[in-house]
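Written below as structure tokens is the structure these notes are about.
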Amino acid sequence: MAGMKSSRRCSCSVLVLLLIHLGAALEVPLDLPQPPTITNQSPKDYIIDPRDNILIQCDAKGNPAPRFSWTRNGTHFNIDKDSRVMMKPDSGTLLIDIVGGGKAETYEGEYQCTARNDRGTAVSNQIVIRQSRSPMWAKEKIEPKMVQEGAPLVLHCDPPSGLPPPIIFWMDNSMQRFTQDARVSQGLNGDLYFSNVQPEDTRADYICYARFNHTQTIQQKQPISVKVMTLNAVNETYGVYSNGTELFGDSLVGERRPNILTPKGSSSRKTVLRGQTLYLECIAEGLPTPVISWTKEGGELPAHRVSEINFKKTLKIIRVSEADAGKYRCTAKNYLGTSSHVITVNVKAAPYWINEPKNLVLAPGEDGRLICRAHGNPKPTITWMVNSFPIDNAPSDISRKIMDDTISFTKVQVSSSAVYQCNASNVHGYLLANAFVNVLAETPRMLSEPDQVYQVIANKPALLDCAFFGSPIPQIQWFKDNQGSVLHGESYVLHENGTLEIAFAQKNDSGIYTCVATNTHGVVQNRAILQIKDPTTIIKQPRYQSVQAMGTATFECKVKHDSTLSPTIIWLKNNEELPDDSRHRPSGDVLTIFDVSEEDQGSYTCVVNTTLDTNSATAVLTVLDRPDPPADLELTNPRDRSVQLSWIPGEEHNSPIGKFVIEYEEDQFQPGVWRHLADVEGIETTAELQLSPFVNYIFRVVAVNEIGRSEPSLPSEHYYTQPAAPDENPSGVEGLGTDPNNLVITWEPLKGVQHNGPGLTYKVSWRQKVGDDEWTSVLVANVSKYIVSGTPEFSPYELKVQAFNSFGAAPEPEVVTGYSGEDLPMVAPSNVRAHVVNSTLAKVHWDPVPPKTVRGFLKGYKIYYRKQGSLIKRNKRHTEMKILTFSGDKSHGMLPGLEPFSLYKLNVRVFNGKGEGPASADVTLRTPEGVPSSPEYLKITSPMLDSLTLQWAPPLHPNGILKGYTLKYQPINSTHELGPLVEITIPAENETTWTLRNLNYSTRYKFYLNAFTIVGAGSKLTEEAITVMDEAMASRQVDIATQGWFIGLMCAIALLILILLIVCFIKRNKGGKYPVKEKEDAHADPEIQPMKEDDGAFGEYSDTEDHKPLKGSRTPSDGTVKKGVSDDSLVDYGEGGEGQFNEDGSFIGQYSGKKEKETVEGNESSEAPSPVNAMNSFV
């Protein structure tokens, strides 16, 4: 590394470029004198199409402008004497007119272009012009090929020689190429090789084609007919001529060990030139078809340059080097043996450059060298020319000295300017190079654009150009910004062409750089501006995704970039453009794929480009789908009641198969219906199927993965099982009578595949469980029910049902117990009594009936109850009868939802599956008193200066004897705070009005009213009202309001408010908040509700138990309050239907209460917004 660094930077600390003349190739500006330089020429071996004009290129530059001439086959080519030849203006390129009637073969030969001016002469390569040729095959008669099956065969192509050589391929009459494989393949020479022929190789149209690409023509050989003869065909053919004698004996060409068809023999040699592609071929015959392998003796095959093609019959090595010389062995192998061939490869080389001579620019009196060094095999010969003449015949030059491949110059003068030609040649080719010596004395000049701006991504190399010229070659120095010191150190690399390289540019490298070129004739400088940009990075890369088919995939690519750069994002699929499909919707940094299908699977790349850098990130989309259906169902191992089914799984579509579902269809009982037979794990591909007798099966298989089920496979072949006796009896046998004197026996009949044979019948047997030892049986068919008549009521029976068919009986069935029909219960529950739990709940007890009197399955008991009337009103209005049901053998139950202080009657009944028995004797139940509901309404009337009158209606549901009312009230001040609470008890004797006296004038009061019985107080109603204002005070207030000073004060306040509103409006339009609004936002009071804009009413007051003040509630003009049902009530007092109870009789239904919506209105005079009232609120 140290040596490498020293070669890139000078050893001193100052970065100074001291260009030596060895190998320096300075570009001379065209405005300065210089010898000619060939810039463009045709290839050495130039094959032309004889139908097109011939274009031989030769361009050169120089000052003065070069003059061109040509030689043909070593002599001067006078183009002026040939009207078909034209030289392009300011060029040496020749255009020869062939299309207009010229003949291309007339102009075949070796051409060389010469470009000269006052400072020297340059020459082109020797350009050999040859026209392409595509000859046809010579006419020949091709005999049909008759070959024995298994024998080798070679069909020769022998294409005509063309220029360039043709491309060979074999096709039939339909222009279809023959399929090639390890057995049949084409050799490098175009022949078609058969390692062994098979009957299918018989055909009459094996045709060899030669394609000449240069002329775009294809030539065709006569078709070759091949007939492959089997043993019988051979004997028949030979019998016609040999009186039936078998030519080939008892067998065809049999299996045999391999034999190499080409190359011939055990070894061969091949020569290849360095840099070309080497093809080594080895084709063998044998049966079975041999397999070819390659090795190199004493070495390894070149890993990255070697490949085996043509079914391993050809070894291909690209860019051949001397190291590839050696012995290569091909081995053909089958199970009968091996055969091998060794190819010795010799590598030769046409000349190739080691040091190609470069143009030399020298100042008068300077020294320099031209070096022309080339290698090759054999070693090339180096010859020098000057200005197109052999150097030995050129005028002498005392400054020049020739030493084999080097010419040294000492103290040159302007007259030393010339063009030197170096020719390196051997038997395989030549190299020709022009290099001039140009002697100039020039002040330095800058060739790069001034003040060029370079934008570079941070941590990337920065290359600042400083193209220059001068003679002597100037010394280059770089400076940054206004610093006086020359740039140096490991951060900087100065190249020979003047370019300054900063290997890892950083932000602090931004600035203005100055390049200074100095020689003995002067100084010149140029500036370059370097800007370092932040790199473009992908901060959120697209994520790998697995998406179900028809789902949506979204890839996101978030980018961070330099603020001065504008990135563009391109999405690619598999490194190519996105498909032209409306389902793929790129939108900047997001790519969305809708209705994903399997074809969308692949890699998706987000490519971010700026003018300076690029970045990319890739994610893979995996599409999950249902599996493909299984295929190739096969039945094996057949048995009486089983068969083995095998199948080939379908494509999983990226979601492993979890299981296979095997289904069957039979054509006797339910044709067309597929039924489930078995499930098999997803790793299995075979299943042993257990089958039923007497069924004609076909099977299919469905694959299941996490996405879903596949389509079913194609059905298997039919599989028929032989009949047998039934394996099972009917299930679900039950016995239950529908009338007191019958027994209905039912069962679940066998399914079709359970019949196991023809003639299915059922043997139904029964007997009484107690007192009957003999079974009674009947034989039935095609039914699932049998009715036994004349049975005693609700008696237990033993039952069984057995299956039979033409081949025998099923195993002995299980015995089940059934019962004959039920009858209604005979007696009612006795000793019914009721116990009051509270005013709405009672507990009822009874003695259960004897089991024998139930005459069926005991289902439970029912309580019938009805309200007879209220104990207050003494009315006898009967309500609807209600029923509560208690399941099971119960002796008590809870009776909820009763009304307080009421009279009820109830009875109890037992019931079974047939119905209810008789009712018990009625029992009377009285519920105690409860708390009343709230008064029906409350309103305030006759507001006076110091008194208010309250009116109300009694509760709709007193729930007892009312003892009185409790009235509470308290004042509310202007800040909505509540004053002391006053409580009054009012007797109930027809009292529904009350007048409160000695109240404060113009004061709001809040009132609470509820009724009470001996049990306690009910729910309350609330209302608010205001006493009227003192007239004298009102008069004084009006007088104040008419004073001039007061009016002026109010006008000033209004003006200030208007100014404040204007200021706030302006600030809002500017998007800001005025200070008052900011303070309100910061200290918002959640208790203060905004006024309704429609009527000016304040927000609704929440009546809490701690008596927080109502904020501005109003009382309706009529002073009434709609009453609601007491909040303490748990149930509605309307009539209900049957309730549902659990086993202990507790009520299951949900208690519910109805409450009417309260409407609160106030005296409108209390809401007057005048300033006088506002001030009085402080009194």
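Labeling convention for the structure tokens: chains A, B, ... as they appear, residues from 1 per chain, ligands from 1 in order of appearance.
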
Tyr762 (chain A) environment, 8 Å, only C-alpha atoms, sequence neighbours closer than 4 positions dropped, as a list in words: Leu779, Val780, Ala781, Val801, Gln802, Ala803 and Phe804 of chain A

Could you turn the residues from that selection into a file that holds N, CA, C and O atoms, as a PDB file, in the first residue's frame?
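Output file out-v1.pdb is given in full below:
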ATOM      1  N   LEU A 779     -91.418 -57.324  12.048  1.00  0.00           N
ATOM      2  CA  LEU A 779     -90.385 -57.056  11.033  1.00  0.00           C
ATOM      3  C   LEU A 779     -90.930 -56.000  10.083  1.00  0.00           C
ATOM      4  O   LEU A 779     -92.003 -56.202   9.470  1.00  0.00           O
ATOM      5  N   VAL A 780     -90.253 -54.870   9.963  1.00  0.00           N
ATOM      6  CA  VAL A 780     -90.725 -53.766   9.125  1.00  0.00           C
ATOM      7  C   VAL A 780     -89.603 -53.350   8.183  1.00  0.00           C
ATOM      8  O   VAL A 780     -88.426 -53.664   8.410  1.00  0.00           O
ATOM      9  N   ALA A 781     -89.961 -52.624   7.128  1.00  0.00           N
ATOM     10  CA  ALA A 781     -88.979 -52.141   6.147  1.00  0.00           C
ATOM     11  C   ALA A 781     -89.377 -50.743   5.692  1.00  0.00           C
ATOM     12  O   ALA A 781     -90.570 -50.399   5.665  1.00  0.00           O
ATOM     13  N   VAL A 801     -84.166 -52.500  18.473  1.00  0.00           N
ATOM     14  CA  VAL A 801     -84.382 -52.551  17.029  1.00  0.00           C
ATOM     15  C   VAL A 801     -83.125 -53.127  16.401  1.00  0.00           C
ATOM     16  O   VAL A 801     -82.013 -52.601  16.620  1.00  0.00           O
ATOM     17  N   GLN A 802     -83.268 -54.197  15.596  1.00  0.00           N
ATOM     18  CA  GLN A 802     -82.132 -54.895  14.980  1.00  0.00           C
ATOM     19  C   GLN A 802     -82.275 -54.851  13.463  1.00  0.00           C
ATOM     20  O   GLN A 802     -83.379 -54.986  12.921  1.00  0.00           O
ATOM     21  N   ALA A 803     -81.109 -54.636  12.745  1.00  0.00           N
ATOM     22  CA  ALA A 803     -81.105 -54.559  11.283  1.00  0.00           C
ATOM     23  C   ALA A 803     -80.848 -55.944  10.689  1.00  0.00           C
ATOM     24  O   ALA A 803     -80.018 -56.715  11.198  1.00  0.00           O
ATOM     25  N   PHE A 804     -81.539 -56.242   9.553  1.00  0.00           N
ATOM     26  CA  PHE A 804     -81.346 -57.478   8.784  1.00  0.00           C
ATOM     27  C   PHE A 804     -81.229 -57.114   7.315  1.00  0.00           C
ATOM     28  O   PHE A 804     -81.779 -56.099   6.865  1.00  0.00           O
TER      29      PHE A 804
END

DSSP strand (DSSP E) residues within region 326-427 of chain A, as a PyMOL selection string: chain A and resi 326-334+337-355+360-362+368-371+373-377+381-386+389-390+400-403+406-409+418-426

Ile218 (chain A) surroundings by only C-alpha atoms, 10 Å radius, close-in-sequence under 3 positions cut, as a VMD selection string: chain A and resid 134 to 136 166 to 168 209 to 213 215

Let me see the file: selected residues, C-alpha atoms, as a CSV table (one decimal), in the first residue's frame.
chain,number,residue,atom,x,y,z
A,134,SER,CA,-22.9,-17.7,-49.6
A,135,PRO,CA,-22.5,-20.6,-52.1
A,136,MET,CA,-25.1,-23.3,-52.5
A,166,PRO,CA,-22.2,-20.1,-42.1
A,167,ILE,CA,-24.3,-21.1,-39.0
A,168,ILE,CA,-25.6,-24.7,-39.2
A,209,TYR,CA,-29.5,-25.6,-43.3
A,210,ALA,CA,-26.7,-23.1,-43.6
A,211,ARG,CA,-27.4,-19.5,-42.7
A,212,PHE,CA,-25.1,-16.8,-44.0
A,213,ASN,CA,-25.7,-13.8,-41.7
A,215,THR,CA,-25.9,-11.6,-46.7

Interatomic distance (Å, one decimal) between CA of Gln452 (chain A) and CA of Ala505 (chain A): 17.3 Å

Residues within 6 Å of Ser195 (chain A), only C-alpha atoms, excluding chain neighbours under 5 positions, as a list in words: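 With the cut-off at 6 Å, the set is Pro152, Arg183, Glu285 and Gly286 of chain A.
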
Report as a CSV table (one decimal) with N, CA, C and O atoms, in the first residue's frame all protein, DNA and RNA residues lying within 6 Å of region 849-866 of chain A, evaluated on only C-alpha atoms, omitting residues in the same chain fewer than 2 positions from it.
chain,number,residue,atom,x,y,z
A,794,PHE,N,-98.7,-44.6,30.9
A,794,PHE,CA,-97.3,-44.3,31.4
A,794,PHE,C,-96.7,-45.4,32.1
A,794,PHE,O,-96.4,-45.4,33.3
A,822,GLU,N,-98.7,-40.4,28.4
A,822,GLU,CA,-99.1,-39.7,29.6
A,822,GLU,C,-100.6,-39.4,29.7
A,822,GLU,O,-101.2,-39.3,28.6
A,823,ASP,N,-101.1,-39.1,30.9
A,823,ASP,CA,-102.4,-38.5,31.1
A,823,ASP,C,-102.3,-37.3,32.0
A,823,ASP,O,-101.2,-37.1,32.7
A,825,PRO,N,-102.4,-34.9,35.2
A,825,PRO,CA,-102.3,-35.1,36.7
A,825,PRO,C,-103.7,-35.2,37.3
A,825,PRO,O,-104.6,-34.5,36.9
A,826,MET,N,-103.8,-36.0,38.4
A,826,MET,CA,-105.1,-36.3,39.0
A,826,MET,C,-105.4,-35.3,40.1
A,826,MET,O,-106.6,-35.0,40.4
A,829,PRO,N,-101.9,-29.5,44.2
A,829,PRO,CA,-101.0,-29.4,45.4
A,829,PRO,C,-101.8,-28.9,46.6
A,829,PRO,O,-102.9,-28.2,46.4
A,881,MET,N,-105.0,-12.1,35.0
A,881,MET,CA,-104.3,-13.2,35.7
A,881,MET,C,-102.9,-13.4,35.2
A,881,MET,O,-102.6,-13.4,34.0
A,882,LYS,N,-101.9,-13.6,36.1
A,882,LYS,CA,-100.5,-13.8,35.8
A,882,LYS,C,-100.1,-15.2,36.2
A,882,LYS,O,-100.7,-15.7,37.1
A,883,ILE,N,-99.1,-15.7,35.5
A,883,ILE,CA,-98.6,-17.1,35.8
A,883,ILE,C,-97.1,-17.1,35.9
A,883,ILE,O,-96.4,-16.5,35.1
A,884,LEU,N,-96.6,-17.7,37.0
A,884,LEU,CA,-95.2,-18.0,37.2
A,884,LEU,C,-95.0,-19.5,37.1
A,884,LEU,O,-95.7,-20.2,37.8
A,885,THR,N,-94.0,-19.9,36.4
A,885,THR,CA,-93.7,-21.4,36.2
A,885,THR,C,-92.4,-21.7,36.9
A,885,THR,O,-91.4,-21.0,36.8
A,886,PHE,N,-92.4,-22.9,37.7
A,886,PHE,CA,-91.3,-23.4,38.4
A,886,PHE,C,-91.0,-24.8,37.9
A,886,PHE,O,-91.8,-25.7,38.2
A,887,SER,N,-89.9,-25.0,37.2
A,887,SER,CA,-89.6,-26.3,36.7
A,887,SER,C,-89.1,-27.3,37.7
A,887,SER,O,-88.4,-26.9,38.7
A,888,GLY,N,-89.4,-28.6,37.5
A,888,GLY,CA,-88.9,-29.6,38.4
A,888,GLY,C,-89.8,-29.8,39.6
A,888,GLY,O,-90.9,-29.2,39.8
A,889,ASP,N,-89.3,-30.7,40.5
A,889,ASP,CA,-90.1,-31.1,41.7
A,889,ASP,C,-89.8,-30.1,42.8
A,889,ASP,O,-89.0,-30.3,43.7
A,904,TYR,N,-104.2,-9.7,46.8
A,904,TYR,CA,-104.0,-10.7,45.8
A,904,TYR,C,-104.6,-12.0,46.1
A,904,TYR,O,-104.7,-12.4,47.3
A,905,LYS,N,-105.0,-12.8,45.1
A,905,LYS,CA,-105.5,-14.2,45.2
A,905,LYS,C,-104.6,-15.0,44.4
A,905,LYS,O,-104.3,-14.6,43.2
A,906,LEU,N,-104.2,-16.3,44.8
A,906,LEU,CA,-103.4,-17.2,44.0
A,906,LEU,C,-103.7,-18.6,44.3
A,906,LEU,O,-104.4,-18.9,45.3
A,907,ASN,N,-103.4,-19.5,43.3
A,907,ASN,CA,-103.5,-20.9,43.5
A,907,ASN,C,-102.3,-21.6,42.8
A,907,ASN,O,-101.6,-21.0,42.0
A,908,VAL,N,-102.1,-22.9,43.1
A,908,VAL,CA,-100.9,-23.6,42.5
A,908,VAL,C,-101.4,-24.9,41.8
A,908,VAL,O,-102.4,-25.5,42.3
A,909,ARG,N,-100.7,-25.2,40.6
A,909,ARG,CA,-101.1,-26.4,39.8
A,909,ARG,C,-99.9,-27.1,39.4
A,909,ARG,O,-98.8,-26.5,39.2
A,910,VAL,N,-100.0,-28.5,39.4
A,910,VAL,CA,-98.9,-29.3,38.9
A,910,VAL,C,-99.1,-29.6,37.4
A,910,VAL,O,-100.3,-29.6,37.0
A,911,PHE,N,-98.0,-29.8,36.6
A,911,PHE,CA,-98.2,-30.1,35.2
A,911,PHE,C,-97.1,-31.1,34.8
A,911,PHE,O,-96.0,-31.2,35.3
A,912,ASN,N,-97.5,-31.9,33.7
A,912,ASN,CA,-96.6,-32.9,33.1
A,912,ASN,C,-96.6,-32.7,31.6
A,912,ASN,O,-97.0,-31.6,31.1

Which residues come within 9 Å of region 303-305 of chain A, counting only C-alpha atoms, excluding same-chain residues fewer than 5 positions away, as a compact mmCIF listing (two decimals) with all heavy atoms, in the first residue's frame?
# COMPACT_ATOMS: atom_id res chain seq x y z
N LYS A 316 -16.37 -25.27 -23.28
CA LYS A 316 -16.16 -23.92 -23.79
C LYS A 316 -15.35 -23.12 -22.78
O LYS A 316 -15.72 -23.04 -21.60
CB LYS A 316 -17.51 -23.25 -24.04
CG LYS A 316 -17.41 -21.80 -24.50
CD LYS A 316 -18.82 -21.22 -24.68
CE LYS A 316 -18.76 -19.75 -25.08
NZ LYS A 316 -20.13 -19.17 -25.21
N ILE A 317 -14.22 -22.53 -23.25
CA ILE A 317 -13.39 -21.68 -22.39
C ILE A 317 -13.26 -20.34 -23.09
O ILE A 317 -12.78 -20.26 -24.23
CB ILE A 317 -12.00 -22.31 -22.15
CG1 ILE A 317 -12.14 -23.69 -21.49
CG2 ILE A 317 -11.14 -21.39 -21.29
CD1 ILE A 317 -10.82 -24.41 -21.29
N ILE A 318 -13.68 -19.27 -22.41
CA ILE A 318 -13.63 -17.94 -23.00
C ILE A 318 -12.34 -17.24 -22.56
O ILE A 318 -11.71 -17.60 -21.57
CB ILE A 318 -14.86 -17.11 -22.60
CG1 ILE A 318 -14.94 -16.95 -21.09
CG2 ILE A 318 -16.14 -17.76 -23.13
CD1 ILE A 318 -16.07 -16.02 -20.62
N ARG A 319 -11.94 -16.23 -23.34
CA ARG A 319 -10.76 -15.40 -23.06
C ARG A 319 -9.55 -16.29 -22.71
O ARG A 319 -8.98 -16.22 -21.62
CB ARG A 319 -11.04 -14.42 -21.92
CG ARG A 319 -12.18 -13.46 -22.21
CD ARG A 319 -12.28 -12.37 -21.15
NE ARG A 319 -12.45 -12.91 -19.80
CZ ARG A 319 -13.60 -13.27 -19.28
NH1 ARG A 319 -14.71 -13.17 -20.00
NH2 ARG A 319 -13.68 -13.75 -18.05
N VAL A 320 -9.18 -17.09 -23.66
CA VAL A 320 -8.09 -18.06 -23.45
C VAL A 320 -6.79 -17.33 -23.15
O VAL A 320 -6.46 -16.30 -23.75
CB VAL A 320 -7.95 -18.95 -24.70
CG1 VAL A 320 -6.68 -19.81 -24.62
CG2 VAL A 320 -9.18 -19.84 -24.85

Residue contacts of Lys61 (chain A) (10 Å, only C-alpha atoms) excluding same-chain residues fewer than 3 positions away, as a VMD selection string: chain A and resid 30 34 to 40 64 to 67 90 to 91 115 to 117
